[in-house]
Each structure stands twice: as structure tokens, then as C-alpha cells.
Amino acid sequence: MVIKKVSLDIVIGVTSRLPETDRPEFAFAGRSNVGKSSLLNALILRKNYARTSSQPGKTQTINYYNVNDEFFLVDLPGYGYAKVSEETRAKWGRMIERYLRQSKELRQVFLLVDMRHEPTANDCQMIGWIRESGFTPVVIATKADKLSRNEQNKMIPVIRKKLEMKKEELLIPFSAETKAGRDEVAALIDGMLSDQAAEEG
Ligand code: GTP
Ligand code: MG
């Protein structure tokens, strides 16, 4: 993935209509504070282009980052953020679900989970939505730098089991600190883009 240019082209709020884009989209879903915006920055080789924060609930809109005028990386709002009202949380949930169901150009959804913890009920619901929308989920286990190699090896099967992942479903450990896993995610996206180019002949 060669990054020639990046721009934040589309920002939509809870009540907005989804835009009809004409380029492939790759989306990042996961709990608030799990590291979605940080992964996006690692992919586009920028430090804080997608705004990150140690306070959960930073990204509250669906943000479409245009990469090279070729495809969009889509930063979704985090779910499970305790400090907002039940009603707001429900709205965000519906917005994310609607996005997964309706985006015509969506090619893949990456589900991010914090590698230190067992996935939550919300994570299980999210991977369910991803499968129901017809995708083979790719799980990215974030903040890998916070665990030793040994601890990582212990957590991987815990996460796979909780999310009922099949053997063929990928789990990629990732760290925004060390950039471990970054190239693997970038290569997956490249692969999906070139499959598409081959199909279009
Ligand atoms: P929302 O926008 O609130 O949904 O959060 P987000 O999922 O976009 O998380 P964000 O990327 O803003 O990261 C949240 C916090 O975790 C920030 O303080 C990041 O610096 C930190 N963080 C993210 N990824 C990593 C990582 O791989 N390792 C470490 N050590 N910290 C990370
Ligand atoms: Mg964010």
C-alpha cells in the first residue's frame, strides 16, 4: 500500500443519510478506546490525522478517509462507551448496523478488540452483524505491546473462542506503538483491491 495522498472527505452523523461512494470501502469497528483511529493512522503513515484520544468516545461520526482517490478507510464510532446515555448508545449502534447493511461499496470490516481482555457481549454482537452482512470477519487484537509474547499466546485462543471464530477467520495481533501487524493489515487490503481489479479485468 503506497500512500500518495489522504483526505478526510466525508463525515456523517447519526441522523445523516449514508453517502453513495463509488470506491471500495474498508471499515474499522470496535469498542470505544480500542484503537480504531490509531490503526487507521498507522495504515496511512500519519501520527494523528484521524484524531485519537485517551478519553473514550472520541470518534462520534462515521469518517471516510479517501486514500489516493482509490479507496476509503472508514473510521466508525466506538460502541460500549459508558459515559453517554442509553439512548445515544442505541443510536450509534443503529448507525453502525445500518452502515454495515447498506454500504454498497463495503469490501471488508475489521473488528478490533483489545488483546488484554476477553471480548465483550457488544463485540460478540458486532461480529454477528459482520457475518450477517455477508463478510468473513477479520479480527485485529490491538495494544499487543502491552502484553508479553507469552501473554499474547494465552489470549489469542480466549478471544477466538469467545467470538466463535472459525479456523479460516483471521486474527491479527497489532500494536500502534511498535506497528507490529500494520503491514499484514495493509497487505490484506491491497489483496482485496487487486482481486477487485482482476475481476473488473
Ligand atoms: P474512539 O474514537 O473513542 O472509539 O476510540 P478509538 O478506538 O478510535 O481509539 P484511539 O485510536 O483513539 O486510541 C485510544 C487510546 O489508546 C489512545 O490513548 C491511544 O494512544 C491508545 N492506543 C491505541 N492503540 C494502541 C496500541 O496499540 N498500544 C498502546 N499502548 N496504546 C494504544
Ligand atoms: Mg476513534
# chains A, B, ... in the order shown; residues from 1 in each chain; ligands from 1

$ residues_around --residues "A:Asp145" --least-positions-apart "5" --cutoff "9 Å" --atoms "only C-alpha atoms" --output "list of chain:residue names"
A:Phe174, A:Ser175, A:Ala176, A:Glu177, A:Thr178, A:Ala180

$ write_last_selection --atoms "all heavy atoms" --output "PDB file, in the first residue's frame"
ATOM      1  N   PHE A 174      -1.912  -6.592  16.733  1.00  0.00           N
ATOM      2  CA  PHE A 174      -1.474  -5.296  16.212  1.00  0.00           C
ATOM      3  C   PHE A 174      -1.042  -4.389  17.355  1.00  0.00           C
ATOM      4  O   PHE A 174      -1.607  -4.431  18.454  1.00  0.00           O
ATOM      5  CB  PHE A 174      -2.609  -4.628  15.433  1.00  0.00           C
ATOM      6  CG  PHE A 174      -2.312  -3.198  15.066  1.00  0.00           C
ATOM      7  CD1 PHE A 174      -1.441  -2.898  14.027  1.00  0.00           C
ATOM      8  CD2 PHE A 174      -2.879  -2.149  15.780  1.00  0.00           C
ATOM      9  CE1 PHE A 174      -1.131  -1.573  13.706  1.00  0.00           C
ATOM     10  CE2 PHE A 174      -2.584  -0.821  15.462  1.00  0.00           C
ATOM     11  CZ  PHE A 174      -1.713  -0.545  14.420  1.00  0.00           C
ATOM     12  N   SER A 175      -0.042  -3.562  17.090  1.00  0.00           N
ATOM     13  CA  SER A 175       0.339  -2.521  18.041  1.00  0.00           C
ATOM     14  C   SER A 175       0.587  -1.212  17.310  1.00  0.00           C
ATOM     15  O   SER A 175       1.401  -1.157  16.381  1.00  0.00           O
ATOM     16  CB  SER A 175       1.611  -2.909  18.800  1.00  0.00           C
ATOM     17  OG  SER A 175       2.142  -1.748  19.426  1.00  0.00           O
ATOM     18  N   ALA A 176      -0.106  -0.177  17.749  1.00  0.00           N
ATOM     19  CA  ALA A 176       0.119   1.153  17.176  1.00  0.00           C
ATOM     20  C   ALA A 176       1.457   1.721  17.661  1.00  0.00           C
ATOM     21  O   ALA A 176       2.018   2.615  17.043  1.00  0.00           O
ATOM     22  CB  ALA A 176      -1.020   2.094  17.555  1.00  0.00           C
ATOM     23  N   GLU A 177       1.964   1.172  18.762  1.00  0.00           N
ATOM     24  CA  GLU A 177       3.249   1.621  19.313  1.00  0.00           C
ATOM     25  C   GLU A 177       4.403   1.082  18.482  1.00  0.00           C
ATOM     26  O   GLU A 177       5.280   1.841  18.067  1.00  0.00           O
ATOM     27  CB  GLU A 177       3.407   1.118  20.756  1.00  0.00           C
ATOM     28  CG  GLU A 177       2.467   1.770  21.754  1.00  0.00           C
ATOM     29  CD  GLU A 177       2.896   3.186  22.104  1.00  0.00           C
ATOM     30  OE1 GLU A 177       4.096   3.386  22.367  1.00  0.00           O
ATOM     31  OE2 GLU A 177       2.028   4.082  22.087  1.00  0.00           O
ATOM     32  N   THR A 178       4.415  -0.236  18.273  1.00  0.00           N
ATOM     33  CA  THR A 178       5.539  -0.855  17.557  1.00  0.00           C
ATOM     34  C   THR A 178       5.254  -1.016  16.072  1.00  0.00           C
ATOM     35  O   THR A 178       6.143  -1.349  15.300  1.00  0.00           O
ATOM     36  CB  THR A 178       5.841  -2.260  18.119  1.00  0.00           C
ATOM     37  OG1 THR A 178       4.725  -3.114  17.813  1.00  0.00           O
ATOM     38  CG2 THR A 178       6.050  -2.227  19.633  1.00  0.00           C
ATOM     39  N   ALA A 180       3.641  -3.408  14.880  1.00  0.00           N
ATOM     40  CA  ALA A 180       3.505  -4.843  14.590  1.00  0.00           C
ATOM     41  C   ALA A 180       2.113  -5.094  14.024  1.00  0.00           C
ATOM     42  O   ALA A 180       1.131  -4.582  14.552  1.00  0.00           O
ATOM     43  CB  ALA A 180       3.698  -5.650  15.872  1.00  0.00           C
TER      44      ALA A 180
END

$ residues_near_ligand --ligand "ligand 1" --cutoff "6 Å" --atoms "only C-alpha atoms and all ligand atoms" --output "number ranges by chain"
A: 32-38, 52-54, 56-59, 77-78, 142-143, 145-146, 175-177

$ closest_residue --among "A:Leu8, A:Leu171, A:Val67, A:Leu100" --to "A:Arg23" --atoms "only C-alpha atoms"
A:Val67

$ residues_around --residues "A:Gln60" --least-positions-apart "6" --cutoff "10 Å" --atoms "only C-alpha atoms" --output "list of chain:residue names"
A:Val11, A:Ile12, A:Gly13, A:Val14, A:Ser32, A:Asp75, A:Leu76, A:Pro77, A:Gly78, A:Tyr79, A:Trp92

$ write_last_selection --atoms "N, CA and C atoms" --output "CSV table (one decimal), in the first residue's frame"
chain,number,residue,atom,x,y,z
A,11,VAL,N,-17.9,13.1,6.4
A,11,VAL,CA,-18.1,12.9,7.8
A,11,VAL,C,-19.6,12.8,8.0
A,12,ILE,N,-20.1,11.8,8.5
A,12,ILE,CA,-21.6,11.7,8.7
A,12,ILE,C,-22.0,11.5,10.1
A,13,GLY,N,-23.0,12.1,10.5
A,13,GLY,CA,-23.5,12.0,11.9
A,13,GLY,C,-24.7,11.0,12.0
A,14,VAL,N,-25.1,10.8,13.2
A,14,VAL,CA,-26.1,9.7,13.5
A,14,VAL,C,-27.3,9.8,12.6
A,32,SER,N,-15.2,1.6,22.0
A,32,SER,CA,-14.6,2.9,22.2
A,32,SER,C,-13.2,2.7,22.9
A,75,ASP,N,-13.6,5.1,9.5
A,75,ASP,CA,-13.4,5.0,10.9
A,75,ASP,C,-14.8,5.1,11.6
A,76,LEU,N,-15.2,4.1,12.2
A,76,LEU,CA,-16.6,4.0,12.8
A,76,LEU,C,-16.5,4.5,14.3
A,77,PRO,N,-17.6,5.0,14.8
A,77,PRO,CA,-17.6,5.4,16.2
A,77,PRO,C,-17.5,4.1,17.1
A,78,GLY,N,-16.9,4.3,18.2
A,78,GLY,CA,-16.8,3.1,19.1
A,78,GLY,C,-18.1,2.8,19.8
A,79,TYR,N,-18.4,1.6,20.1
A,79,TYR,CA,-19.6,1.2,20.9
A,79,TYR,C,-19.2,0.9,22.3
A,92,TRP,N,-26.0,5.1,18.1
A,92,TRP,CA,-24.7,4.8,17.5
A,92,TRP,C,-24.8,3.3,17.0

$ select_by_dssp --residues "stretch 46-153 of chain A" --states "alpha helix (DSSP H)" --output "ChimeraX atom specification"
/A:86-102,121-132,149-153

$ closest_residue --among "A:Ile44, A:Val74, A:Ala50, A:Leu170" --to "A:Met1" --atoms "only C-alpha atoms"
A:Ile44

$ closest_residue --among "A:Thr61, A:Gln108, A:Asn153, A:Thr88" --to "ligand 2" --atoms "only C-alpha atoms and all ligand atoms"
A:Thr61

$ select_by_dssp --residues "stretch 51-105 of chain A" --states "strand (DSSP E)" --output "ChimeraX atom specification"
/A:62-67,71-75

$ write_last_selection --atoms "N, CA and C atoms" --output "PDB file, in the first residue's frame"
ATOM      1  N   ILE A  62     -19.176   8.850  11.450  1.00  0.00           N
ATOM      2  CA  ILE A  62     -18.527   7.915  10.532  1.00  0.00           C
ATOM      3  C   ILE A  62     -17.642   8.746   9.614  1.00  0.00           C
ATOM      4  N   ASN A  63     -16.350   8.483   9.671  1.00  0.00           N
ATOM      5  CA  ASN A  63     -15.375   9.292   8.933  1.00  0.00           C
ATOM      6  C   ASN A  63     -14.771   8.477   7.792  1.00  0.00           C
ATOM      7  N   TYR A  64     -14.896   9.033   6.587  1.00  0.00           N
ATOM      8  CA  TYR A  64     -14.389   8.345   5.394  1.00  0.00           C
ATOM      9  C   TYR A  64     -13.079   9.006   4.966  1.00  0.00           C
ATOM     10  N   TYR A  65     -11.975   8.275   5.099  1.00  0.00           N
ATOM     11  CA  TYR A  65     -10.677   8.782   4.661  1.00  0.00           C
ATOM     12  C   TYR A  65     -10.402   8.291   3.248  1.00  0.00           C
ATOM     13  N   ASN A  66     -10.294   9.242   2.339  1.00  0.00           N
ATOM     14  CA  ASN A  66     -10.010   8.942   0.950  1.00  0.00           C
ATOM     15  C   ASN A  66      -8.500   8.710   0.804  1.00  0.00           C
ATOM     16  N   VAL A  67      -8.121   7.516   0.365  1.00  0.00           N
ATOM     17  CA  VAL A  67      -6.704   7.211   0.166  1.00  0.00           C
ATOM     18  C   VAL A  67      -6.428   7.136  -1.338  1.00  0.00           C
ATOM     19  N   PHE A  71      -9.552   4.292  -2.682  1.00  0.00           N
ATOM     20  CA  PHE A  71     -10.451   3.598  -1.754  1.00  0.00           C
ATOM     21  C   PHE A  71     -10.632   4.436  -0.501  1.00  0.00           C
ATOM     22  N   PHE A  72     -11.606   4.028   0.324  1.00  0.00           N
ATOM     23  CA  PHE A  72     -11.843   4.715   1.585  1.00  0.00           C
ATOM     24  C   PHE A  72     -11.527   3.808   2.769  1.00  0.00           C
ATOM     25  N   LEU A  73     -10.859   4.363   3.776  1.00  0.00           N
ATOM     26  CA  LEU A  73     -10.766   3.712   5.073  1.00  0.00           C
ATOM     27  C   LEU A  73     -11.809   4.400   5.942  1.00  0.00           C
ATOM     28  N   VAL A  74     -12.698   3.624   6.554  1.00  0.00           N
ATOM     29  CA  VAL A  74     -13.846   4.198   7.250  1.00  0.00           C
ATOM     30  C   VAL A  74     -13.715   3.947   8.754  1.00  0.00           C
ATOM     31  N   ASP A  75     -13.591   5.060   9.473  1.00  0.00           N
ATOM     32  CA  ASP A  75     -13.415   5.026  10.931  1.00  0.00           C
ATOM     33  C   ASP A  75     -14.814   5.114  11.562  1.00  0.00           C
TER      34      ASP A  75
END

$ atom_distance --atom1 "atom CA of A:Glu70" --atom2 "atom CA of A:Ile3"
10.3 Å

$ closest_residue --among "A:Gly128, A:Pro24, A:Pro119, A:Gly134" --to "A:Ile189" --atoms "only C-alpha atoms"
A:Pro24

$ atom_distance --atom1 "atom CA of A:Pro19" --atom2 "atom CA of A:Asn68"
18.7 Å

$ atom_distance --atom1 "atom CA of A:Leu111" --atom2 "atom CA of A:Lys179"
17.4 Å

$ residues_around --residues "A:Ala186" --least-positions-apart "3" --cutoff "10 Å" --atoms "only C-alpha atoms" --output "list in words"
Met1, Val2, Ala42, Leu43, Ile44, Gly181, Arg182, Asp183, Ile189, Asp190 and Gly191 of chain A

$ closest_residue --among "A:Val6, A:Val84, A:Leu163, A:Leu40" --to "ligand 2" --atoms "only C-alpha atoms and all ligand atoms"
A:Leu40

$ closest_residue --among "A:Phe26, A:Trp129, A:Tyr81, A:Tyr99" --to "ligand 2" --atoms "only C-alpha atoms and all ligand atoms"
A:Tyr81

$ residues_around --residues "A:His117" --least-positions-apart "3" --cutoff "9 Å" --atoms "only C-alpha atoms" --output "ChimeraX atom specification"
/A:113-114,120,155,158-159
